[in-house]
$ cat work04.tsv   # TSV, C-alpha atoms
chain	number	residue	atom	x	y	z
A	1	MET	CA	17.08	130.50	67.69
A	2	THR	CA	16.90	131.63	64.04
A	3	ALA	CA	15.31	129.59	61.26
A	4	GLU	CA	18.74	129.00	59.78
A	5	SER	CA	20.15	127.52	62.99
A	6	HIS	CA	17.10	125.49	64.16
A	7	PRO	CA	17.85	121.86	63.15
A	8	ALA	CA	14.27	120.97	62.18
A	9	LYS	CA	13.83	124.12	60.13
A	10	LYS	CA	17.23	123.68	58.52
A	11	LEU	CA	16.23	120.16	57.48
A	12	LYS	CA	13.05	121.56	56.01
A	13	LEU	CA	14.96	124.13	54.00
A	14	GLU	CA	17.18	121.40	52.57
A	15	GLY	CA	14.28	119.12	51.57
A	16	LYS	CA	13.40	118.34	47.99
A	17	VAL	CA	10.85	120.47	46.15
A	18	ILE	CA	8.47	119.37	43.39
A	19	GLY	CA	7.24	122.08	41.06
A	20	THR	CA	4.12	122.14	38.90
A	21	HIS	CA	1.84	124.84	37.54
A	22	ASN	CA	-0.77	126.70	39.54
A	23	GLY	CA	-4.36	127.47	38.50
A	24	THR	CA	-6.64	124.81	37.01
A	25	PHE	CA	-5.25	121.34	37.61
A	26	HIS	CA	-5.61	118.11	35.66
A	27	CYS	CA	-5.34	114.43	36.39
A	28	ASP	CA	-1.89	114.00	34.87
A	29	GLU	CA	0.08	116.34	37.15
A	30	ALA	CA	-2.06	115.36	40.15
A	31	LEU	CA	-0.94	111.75	39.62
A	32	ALA	CA	2.63	112.74	38.72
A	33	VAL	CA	3.04	114.51	42.07
A	34	PHE	CA	1.50	111.58	43.94
A	35	LEU	CA	3.86	109.13	42.25
A	36	LEU	CA	6.93	111.22	42.93
A	37	ASN	CA	6.08	111.23	46.63
A	38	ARG	CA	6.38	107.45	46.51
A	39	THR	CA	9.98	107.48	45.32
A	40	LYS	CA	13.00	107.41	47.60
A	41	GLU	CA	14.28	110.73	46.27
A	42	TYR	CA	11.07	112.73	46.50
A	43	ALA	CA	9.24	111.13	49.43
A	44	GLY	CA	7.96	113.93	51.65
A	45	ALA	CA	9.01	116.63	49.18
A	46	ASP	CA	7.45	120.07	49.34
A	47	LEU	CA	5.23	121.20	46.48
A	48	LYS	CA	5.27	124.56	44.69
A	49	ARG	CA	2.47	125.37	42.28
A	50	THR	CA	3.50	128.28	40.08
A	51	ARG	CA	4.24	129.33	36.52
A	52	ASP	CA	7.02	131.70	37.57
A	53	PRO	CA	10.19	130.43	35.80
A	54	ALA	CA	12.39	131.87	38.54
A	55	VAL	CA	10.56	129.88	41.20
A	56	LEU	CA	10.42	126.73	39.07
A	57	ASN	CA	14.17	126.96	38.55
A	58	THR	CA	14.63	126.49	42.30
A	59	CYS	CA	12.68	123.20	42.28
A	60	ASP	CA	14.47	119.86	42.22
A	61	ILE	CA	11.96	118.41	39.77
A	62	VAL	CA	9.27	120.07	37.65
A	63	VAL	CA	6.26	118.36	36.04
A	64	ASP	CA	3.68	119.56	33.52
A	65	VAL	CA	5.10	123.05	33.10
A	66	GLY	CA	8.26	124.74	31.82
A	67	GLY	CA	8.35	123.48	28.24
A	68	VAL	CA	11.25	121.06	28.83
A	69	TYR	CA	11.58	117.29	28.94
A	70	ASP	CA	15.02	116.33	30.21
A	71	GLU	CA	15.55	113.45	32.61
A	72	LYS	CA	19.03	114.66	33.58
A	73	THR	CA	17.70	117.98	34.86
A	74	GLN	CA	14.48	116.37	36.15
A	75	ARG	CA	12.16	118.39	33.92
A	76	PHE	CA	9.05	116.53	32.74
A	77	ASP	CA	6.78	118.70	30.62
A	78	HIS	CA	4.91	117.52	27.51
A	79	HIS	CA	3.40	120.74	26.13
A	80	GLN	CA	6.39	121.94	24.09
A	81	ARG	CA	6.40	121.91	20.32
A	82	GLY	CA	7.98	118.78	18.90
A	83	PHE	CA	7.35	116.61	21.96
A	84	GLU	CA	6.34	113.11	20.81
A	85	GLU	CA	7.60	110.86	23.62
A	86	VAL	CA	5.72	107.58	24.08
A	87	PHE	CA	5.95	104.78	26.62
A	88	GLY	CA	7.23	102.22	24.12
A	89	HIS	CA	6.73	98.45	24.51
A	90	GLY	CA	4.05	98.63	21.83
A	91	PHE	CA	2.27	101.69	23.27
A	92	THR	CA	2.05	104.67	20.92
A	93	THR	CA	0.03	107.22	22.90
A	94	LYS	CA	1.87	110.49	23.51
A	95	LEU	CA	2.79	110.85	27.16
A	96	SER	CA	1.49	113.42	29.61
A	97	SER	CA	3.36	114.35	32.78
A	98	ALA	CA	1.81	111.28	34.44
A	99	GLY	CA	3.17	108.97	31.77
A	100	LEU	CA	6.58	110.65	31.82
A	101	VAL	CA	6.95	110.28	35.58
A	102	TYR	CA	5.64	106.72	35.45
A	103	LYS	CA	7.98	105.78	32.63
A	104	HIS	CA	11.03	106.91	34.61
A	105	PHE	CA	9.97	106.14	38.19
A	106	GLY	CA	7.22	103.51	37.88
A	107	LYS	CA	9.38	100.44	38.43
A	108	GLU	CA	10.86	101.96	41.57
A	109	ILE	CA	7.38	102.80	42.90
A	110	ILE	CA	6.13	99.26	42.24
A	111	ALA	CA	9.24	97.67	43.72
A	112	ASN	CA	8.93	99.83	46.84
A	113	ARG	CA	5.28	98.91	47.23
A	114	PHE	CA	5.99	95.18	47.31
A	115	GLN	CA	9.57	95.10	48.69
A	116	ALA	CA	10.79	93.72	45.38
A	117	SER	CA	13.63	94.46	43.00
A	118	LYS	CA	13.17	96.84	40.09
A	119	ASP	CA	14.66	94.08	37.93
A	120	ASP	CA	12.17	91.43	39.09
A	121	GLU	CA	10.12	89.99	36.23
A	122	LYS	CA	6.92	90.60	38.19
A	123	THR	CA	7.84	94.27	38.65
A	124	GLU	CA	8.21	94.56	34.88
A	125	THR	CA	4.90	92.79	34.31
A	126	LEU	CA	3.05	95.08	36.74
A	127	TRP	CA	4.76	98.17	35.30
A	128	LEU	CA	3.47	97.37	31.83
A	129	LYS	CA	0.04	96.28	33.08
A	130	MET	CA	-0.53	99.49	35.06
A	131	TYR	CA	0.43	101.61	32.07
A	132	LYS	CA	-2.02	99.74	29.86
A	133	GLU	CA	-4.90	99.70	32.32
A	134	PHE	CA	-4.50	102.99	34.21
A	135	ILE	CA	-1.91	105.48	32.97
A	136	GLU	CA	-2.39	105.40	29.20
A	137	ALA	CA	-5.96	106.72	29.31
A	138	ILE	CA	-4.82	109.64	31.48
A	139	ASP	CA	-2.07	110.40	28.95
A	140	ALA	CA	-4.51	110.25	26.04
A	141	ILE	CA	-7.19	112.40	27.68
A	142	ASP	CA	-4.72	115.10	28.70
A	143	ASN	CA	-3.26	115.19	25.19
A	144	GLY	CA	-6.71	115.32	23.56
A	145	ILE	CA	-6.39	111.92	21.87
A	146	SER	CA	-9.76	110.35	21.11
A	147	GLN	CA	-10.44	106.74	22.00
A	148	TYR	CA	-12.18	106.19	18.65
A	149	PRO	CA	-12.30	107.89	15.23
A	150	ALA	CA	-13.63	111.46	15.27
A	151	ASP	CA	-16.34	110.68	12.70
A	152	LEU	CA	-18.10	108.34	15.14
A	153	LYS	CA	-20.68	110.01	17.36
A	154	PRO	CA	-20.74	108.68	20.95
A	155	ARG	CA	-24.01	107.05	21.96
A	156	TYR	CA	-23.78	108.53	25.44
A	157	ARG	CA	-21.65	110.93	27.47
A	158	SER	CA	-19.28	109.64	30.14
A	159	ARG	CA	-17.88	112.04	32.72
A	160	THR	CA	-17.14	109.59	35.52
A	161	ASP	CA	-13.61	108.49	34.53
A	162	VAL	CA	-10.82	109.44	36.92
A	163	SER	CA	-9.63	112.33	34.74
A	164	SER	CA	-13.12	113.82	34.81
A	165	ARG	CA	-13.48	113.32	38.56
A	166	VAL	CA	-10.19	115.09	39.16
A	167	GLY	CA	-11.35	117.92	36.92
A	168	HIS	CA	-14.57	118.22	38.92
A	169	LEU	CA	-12.53	119.11	42.01
A	170	ASN	CA	-11.44	122.42	40.47
A	171	PRO	CA	-13.41	125.41	41.79
A	172	ALA	CA	-16.52	126.29	39.82
A	173	TRP	CA	-16.54	129.56	37.91
A	174	ASN	CA	-18.36	131.33	40.75
A	175	GLU	CA	-16.28	129.87	43.59
A	176	SER	CA	-13.11	131.26	45.14
A	177	VAL	CA	-9.92	130.77	43.15
A	178	ASP	CA	-7.74	131.86	46.05
A	179	ALA	CA	-4.36	130.12	45.70
A	180	GLN	CA	-4.59	128.40	49.08
A	181	VAL	CA	-8.06	127.07	48.25
A	182	VAL	CA	-7.00	125.74	44.85
A	183	ASP	CA	-3.78	124.26	46.23
A	184	ALA	CA	-5.81	122.37	48.87
A	185	LYS	CA	-8.15	121.06	46.16
A	186	PHE	CA	-5.11	119.98	44.13
A	187	LEU	CA	-3.88	117.89	47.06
A	188	GLN	CA	-7.35	116.37	47.31
A	189	ALA	CA	-7.23	115.53	43.59
A	190	SER	CA	-3.75	114.05	43.91
A	191	ALA	CA	-4.89	111.83	46.77
A	192	LEU	CA	-7.96	110.76	44.76
A	193	VAL	CA	-6.13	109.60	41.65
A	194	GLY	CA	-3.18	108.30	43.66
A	195	GLY	CA	-5.43	106.21	45.86
A	196	GLU	CA	-7.04	104.67	42.80
A	197	PHE	CA	-3.61	103.99	41.30
A	198	LEU	CA	-2.53	102.10	44.42
A	199	ASN	CA	-5.85	100.25	44.59
A	200	ARG	CA	-5.45	98.94	41.04
A	201	LEU	CA	-1.77	98.18	41.56
A	202	ASP	CA	-2.59	96.13	44.67
A	203	TYR	CA	-5.28	94.26	42.75
A	204	TYR	CA	-2.95	93.40	39.89
A	205	ALA	CA	-0.21	92.31	42.29
A	206	ASN	CA	-2.37	90.33	44.70
A	207	ALA	CA	-5.11	88.91	42.45
A	208	TRP	CA	-4.28	89.36	38.77
A	209	LEU	CA	-0.66	88.11	38.97
A	210	PRO	CA	-1.50	84.99	41.04
A	211	ALA	CA	-4.17	84.13	38.46
A	212	ARG	CA	-1.56	84.55	35.74
A	213	ASP	CA	0.73	82.13	37.59
A	214	LEU	CA	-2.07	79.55	37.66
A	215	VAL	CA	-2.64	79.92	33.93
A	216	VAL	CA	1.10	79.56	33.25
A	217	ALA	CA	1.18	76.36	35.32
A	218	ALA	CA	-1.91	74.97	33.58
A	219	LEU	CA	-0.48	75.74	30.15
A	220	ASN	CA	2.76	73.98	31.05
A	221	LYS	CA	0.84	70.88	32.20
A	222	ARG	CA	-1.81	70.78	29.49
A	223	LYS	CA	-0.26	67.84	27.62
A	224	GLU	CA	-0.46	65.81	30.84
A	225	VAL	CA	-4.23	66.38	30.72
A	226	ASP	CA	-4.59	65.48	27.04
A	227	ALA	CA	-1.82	64.62	24.59
A	228	SER	CA	-3.15	67.15	22.11
A	229	GLY	CA	-2.45	70.00	24.53
A	230	ARG	CA	-5.84	71.46	23.68
A	231	ILE	CA	-7.49	70.96	27.06
A	232	ILE	CA	-6.51	73.08	30.08
A	233	LEU	CA	-7.42	71.92	33.58
A	234	PHE	CA	-7.59	74.18	36.65
A	235	GLU	CA	-7.90	72.59	40.08
A	236	GLN	CA	-9.32	75.89	41.35
A	237	PHE	CA	-11.17	78.62	39.52
A	238	ALA	CA	-9.19	81.66	38.39
A	239	PRO	CA	-9.88	84.40	35.81
A	240	TRP	CA	-8.08	82.92	32.81
A	241	LYS	CA	-9.20	84.48	29.51
A	242	GLU	CA	-7.02	87.57	29.40
A	243	HIS	CA	-3.97	85.70	30.65
A	244	LEU	CA	-4.46	82.83	28.21
A	245	PHE	CA	-4.48	85.08	25.15
A	246	GLU	CA	-1.49	87.12	26.31
A	247	LEU	CA	0.51	84.00	27.18
A	248	GLU	CA	-0.33	82.27	23.92
A	249	GLU	CA	1.18	85.25	22.13
A	250	SER	CA	4.24	85.62	24.35
A	251	LEU	CA	4.95	81.87	24.28
A	252	ALA	CA	4.32	81.72	20.51
A	253	ILE	CA	1.99	78.74	20.83
A	254	PRO	CA	1.15	77.47	17.32
A	255	ALA	CA	-2.47	77.74	16.23
A	256	ALA	CA	-2.73	73.95	15.99
A	257	GLU	CA	-1.78	73.61	19.67
A	258	LYS	CA	-3.84	76.42	21.17
A	259	PRO	CA	-6.30	75.27	23.84
A	260	ILE	CA	-9.88	74.61	22.83
A	261	TYR	CA	-11.50	73.81	26.18
A	262	VAL	CA	-10.88	74.98	29.74
A	263	LEU	CA	-12.03	72.89	32.71
A	264	TYR	CA	-12.44	74.22	36.24
A	265	PRO	CA	-14.43	73.62	39.44
A	266	ASP	CA	-17.60	75.58	40.08
A	267	GLU	CA	-16.79	76.17	43.72
A	268	THR	CA	-20.21	77.63	44.57
A	269	GLY	CA	-22.10	74.68	43.11
A	270	GLY	CA	-19.71	71.89	44.01
A	271	ASN	CA	-19.50	70.63	40.44
A	272	TRP	CA	-17.34	71.21	37.35
A	273	ARG	CA	-17.47	73.39	34.24
A	274	ILE	CA	-16.20	72.94	30.70
A	275	GLN	CA	-15.84	76.18	28.76
A	276	ALA	CA	-14.93	76.68	25.12
A	277	VAL	CA	-12.12	79.18	24.57
A	278	PRO	CA	-13.41	82.21	22.62
A	279	ILE	CA	-11.68	83.43	19.47
A	280	ALA	CA	-10.83	86.67	21.32
A	281	PRO	CA	-11.09	87.70	24.99
A	282	GLU	CA	-14.29	89.72	24.50
A	283	SER	CA	-15.83	87.53	21.79
A	284	PHE	CA	-18.94	85.36	22.13
A	285	GLU	CA	-17.70	83.13	19.30
A	286	SER	CA	-15.75	80.06	20.35
A	287	ARG	CA	-12.73	78.41	18.76
A	288	LYS	CA	-14.80	75.22	18.84
A	289	ALA	CA	-18.14	75.29	20.63
A	290	LEU	CA	-19.38	72.19	22.38
A	291	PRO	CA	-21.14	69.78	19.97
A	292	GLU	CA	-24.39	71.05	18.50
A	293	GLN	CA	-26.31	67.92	19.51
A	294	TRP	CA	-25.52	68.58	23.20
A	295	ARG	CA	-26.60	72.21	23.21
A	296	GLY	CA	-29.61	73.08	25.32
A	297	VAL	CA	-29.79	69.54	26.77
A	298	ARG	CA	-29.77	69.00	30.56
A	299	ASP	CA	-29.33	66.45	33.32
A	300	ASP	CA	-30.10	62.78	32.56
A	301	ALA	CA	-30.96	63.54	28.94
A	302	LEU	CA	-27.49	65.04	28.49
A	303	SER	CA	-25.84	62.05	30.19
A	304	GLN	CA	-27.66	59.64	27.90
A	305	LEU	CA	-26.92	61.67	24.77
A	306	SER	CA	-23.24	62.19	25.49
A	307	GLY	CA	-22.61	58.85	27.18
A	308	VAL	CA	-21.03	60.66	30.14
A	309	ASP	CA	-22.64	60.26	33.58
A	310	GLY	CA	-23.24	63.29	35.77
A	311	GLY	CA	-24.43	65.66	33.08
A	312	ILE	CA	-25.84	68.98	34.25
A	313	PHE	CA	-26.22	71.19	31.18
A	314	VAL	CA	-24.74	72.51	27.95
A	315	HIS	CA	-25.61	76.09	27.09
A	316	ALA	CA	-27.71	76.64	23.96
A	317	SER	CA	-24.79	78.43	22.29
A	318	GLY	CA	-22.32	75.68	23.21
A	319	PHE	CA	-19.84	77.95	24.95
A	320	ILE	CA	-20.11	76.31	28.38
A	321	GLY	CA	-21.38	73.16	30.04
A	322	GLY	CA	-21.39	71.41	33.39
A	323	ASN	CA	-20.89	68.00	34.93
A	324	LYS	CA	-20.94	66.74	38.50
A	325	THR	CA	-17.32	65.54	38.44
A	326	LYS	CA	-13.87	66.40	37.14
A	327	GLU	CA	-13.74	63.05	35.37
A	328	GLY	CA	-17.02	63.95	33.66
A	329	VAL	CA	-15.81	67.23	32.19
A	330	LEU	CA	-12.54	65.60	31.15
A	331	ARG	CA	-14.50	62.98	29.23
A	332	LEU	CA	-16.78	65.61	27.68
A	333	ALA	CA	-13.78	67.64	26.53
A	334	SER	CA	-12.10	64.61	25.02
A	335	LEU	CA	-15.24	63.65	23.14
A	336	ALA	CA	-15.93	67.21	21.97
A	337	LEU	CA	-12.44	67.54	20.50
A	338	ASN	CA	-13.20	64.70	18.13
A	339	ILE	CA	-16.79	65.46	17.16
$ encode --input "work04.tsv" --output "structure tokens"
Amino acid sequence: MTAESHPAKKLKLEGKVIGTHNGTFHCDEALAVFLLNRTKEYAGADLKRTRDPAVLNTCDIVVDVGGVYDEKTQRFDHHQRGFEEVFGHGFTTKLSSAGLVYKHFGKEIIANRFQASKDDEKTETLWLKMYKEFIEAIDAIDNGISQYPADLKPRYRSRTDVSSRVGHLNPAWNESVDAQVVDAKFLQASALVGGEFLNRLDYYANAWLPARDLVVAALNKRKEVDASGRIILFEQFAPWKEHLFELEESLAIPAAEKPIYVLYPDETGGNWRIQAVPIAPESFESRKALPEQWRGVRDDALSQLSGVDGGIFVHASGFIGGNKTKEGVLRLASLALNI
């Protein structure tokens, strides 16, 4: 039976083909190829690594080579003169082939991963989050965009980011650059960066998003906790800082109504915490630290000073404190608001 008439071989001949360049590979096209294999159209597609225009013209989709960006013809290169495409939604970093593929196929990939709709609000949230936290840096590094002004000298050298680790998989100068060897290393690189992409996506879907839901619920109920709306209560601990600042902005909460204190159980210690909201997610300065007279005081001395039983501690900087009960931290927060 000839190749043309054998059903399995005929199916193979009719399969989709992804094209990218051969030779030294980078993180952007390694991820682009991985992502395409997670779409309905290009799942299981063959891969051709070449710079031969005639061969690339036979491919169904081409990434990171060819000098053309055209969604209609499925060409996704970013090296051509005049290319300035960005992700949008407030992001201004020029896209690499990874960002281009993610911009056009990312929602489908996320929806497929979690059996959701591309139009689901959570799909949109994850799509934007993954660009911010994972894809944008790959775009910037491949396009030679510095993370900080060029006149600042780095204090140390970092070569452990995912783009660097992909680069390290290329053959050394004195190793074989046989096409089959390099192609196999490319597939290894694609699996490396793709695996990390899925790992982070799963984290954001299964841990980060549920925490966000808890913060949304707590924000909506904050005036039931205190009429001022400036105390947030969590019945279980969840990472809240990043979500709080993003939600305050998206919900346009007025400055006069932004939360001052966050209360949550310390599940390892079996008691409760009161934490002052910082002025920014990474800041050590609080919107309103706990009262100066409480700072550095512990246990019974704190209970006597504050008038609230069950005192455990207030940190010397006033950013956090503890009490044995939920009622205790609620009372501390109410008092602190008015001191």
$ residues_around --input "work04.tsv" --residues "Val17 of chain A" --least-positions-apart "3" --cutoff "8 Å" --atoms "all atoms listed in the file" --output "short mmCIF file (atom, residue, chain, number, x, y, z; two decimals) with C-alpha atoms, in the coordinates of the input"
data_model
loop_
_atom_site.label_atom_id
_atom_site.label_comp_id
_atom_site.auth_asym_id
_atom_site.auth_seq_id
_atom_site.Cartn_x
_atom_site.Cartn_y
_atom_site.Cartn_z
CA TYR A 42 11.07 112.73 46.50
CA ALA A 45 9.01 116.63 49.18
CA ASP A 46 7.45 120.07 49.34
CA LEU A 47 5.23 121.20 46.48
CA LYS A 48 5.27 124.56 44.69
CA CYS A 59 12.68 123.20 42.28
CA ASP A 60 14.47 119.86 42.22
CA ILE A 61 11.96 118.41 39.77
#
$ atom_distance --input "work04.tsv" --atom1 "atom CA of Val193 of chain A" --atom2 "atom CA of Tyr69 of chain A"
23.1 Å
$ closest_residue --input "work04.tsv" --among "A:Cys27, A:Leu305, A:Val166, A:Ala252" --to "Asn143 of chain A" --atoms "all atoms listed in the file"
A:Cys27
$ closest_residue --input "work04.tsv" --among "A:Ala238, A:Leu337, A:Ala227, A:Leu302" --to "Ala211 of chain A" --atoms "all atoms listed in the file"
A:Ala238
$ residues_around --input "work04.tsv" --residues "Glu285 of chain A" --least-positions-apart "2" --cutoff "12 Å" --atoms "all atoms listed in the file" --output "ChimeraX atom specification"
/A:275-283,287-290,317-320
$ residues_around --input "work04.tsv" --residues "Gly99 of chain A" --least-positions-apart "5" --cutoff "8 Å" --atoms "only C-alpha atoms" --output "mmCIF file with C-alpha atoms, in the frame of the given file"
data_model
loop_
_atom_site.group_PDB
_atom_site.id
_atom_site.type_symbol
_atom_site.label_atom_id
_atom_site.label_comp_id
_atom_site.auth_asym_id
_atom_site.auth_seq_id
_atom_site.Cartn_x
_atom_site.Cartn_y
_atom_site.Cartn_z
ATOM 1 C CA ASP A 28 -1.890 114.000 34.870
ATOM 2 C CA ALA A 32 2.630 112.740 38.720
ATOM 3 C CA PHE A 87 5.950 104.780 26.620
ATOM 4 C CA TYR A 131 0.430 101.610 32.070
ATOM 5 C CA ILE A 135 -1.910 105.480 32.970
ATOM 6 C CA GLU A 136 -2.390 105.400 29.200
ATOM 7 C CA ASP A 139 -2.070 110.400 28.950
#
$ residues_around --input "work04.tsv" --residues "segment 243-246 of chain A" --least-positions-apart "3" --cutoff "7 Å" --atoms "all atoms listed in the file" --output "PyMOL selection string"
chain A and resi 212+215+240+249-250
$ residues_near_point --input "work04.tsv" --point "(10.3, 99.1, 24.9)" --cutoff "12 Å" --atoms "all atoms listed in the file" --output "PDB file with C-alpha atoms, keeping the file's coordinate frame"
ATOM      1  CA  VAL A  86       5.720 107.580  24.080  1.00  0.00           C
ATOM      2  CA  PHE A  87       5.950 104.780  26.620  1.00  0.00           C
ATOM      3  CA  GLY A  88       7.230 102.220  24.120  1.00  0.00           C
ATOM      4  CA  HIS A  89       6.730  98.450  24.510  1.00  0.00           C
ATOM      5  CA  GLY A  90       4.050  98.630  21.830  1.00  0.00           C
ATOM      6  CA  PHE A  91       2.270 101.690  23.270  1.00  0.00           C
ATOM      7  CA  THR A  92       2.050 104.670  20.920  1.00  0.00           C
ATOM      8  CA  LYS A 103       7.980 105.780  32.630  1.00  0.00           C
ATOM      9  CA  GLU A 124       8.210  94.560  34.880  1.00  0.00           C
ATOM     10  CA  TRP A 127       4.760  98.170  35.300  1.00  0.00           C
ATOM     11  CA  LEU A 128       3.470  97.370  31.830  1.00  0.00           C
TER      12      LEU A 128
END
$ closest_residue --input "work04.tsv" --among "A:His168, A:Lys94, A:Lys72, A:Arg200" --to "Lys129 of chain A" --atoms "all atoms listed in the file"
A:Arg200
$ atom_distance --input "work04.tsv" --atom1 "atom CA of Glu257 of chain A" --atom2 "atom CA of Ala218 of chain A"
14.0 Å
$ atom_distance --input "work04.tsv" --atom1 "atom CA of Ser176 of chain A" --atom2 "atom CA of Asp64 of chain A"
23.5 Å
$ closest_residue --input "work04.tsv" --among "A:Glu175, A:Phe186, A:Leu330, A:Glu121" --to "Ile232 of chain A" --atoms "all atoms listed in the file"
A:Leu330
$ residues_around --input "work04.tsv" --residues "Asn271 of chain A" --least-positions-apart "3" --cutoff "10 Å" --atoms "all atoms listed in the file" --output "JSON, numbers by chain"
{"A": [264, 265, 266, 267, 268, 310, 312, 322, 323, 324, 325, 326, 328, 329]}
$ decode --input "work04.tsv" --residues "segment 288-300 of chain A" --atoms "C-alpha atoms" --output "compact mmCIF listing (two decimals), in the first residue's frame"
# COMPACT_ATOMS: atom_id res chain seq x y z
CA LYS A 288 -3.18 54.06 59.37
CA ALA A 289 -0.93 52.01 61.62
CA LEU A 290 -2.27 50.67 64.88
CA PRO A 291 -2.08 53.28 67.70
CA GLU A 292 1.41 54.24 68.77
CA GLN A 293 0.68 53.58 72.45
CA TRP A 294 -0.12 49.92 71.68
CA ARG A 295 3.02 49.24 69.64
CA GLY A 296 5.48 46.76 71.11
CA VAL A 297 3.10 45.88 73.98
CA ARG A 298 2.11 42.25 74.61
CA ASP A 299 -0.32 39.97 76.42
CA ASP A 300 -1.96 41.23 79.64
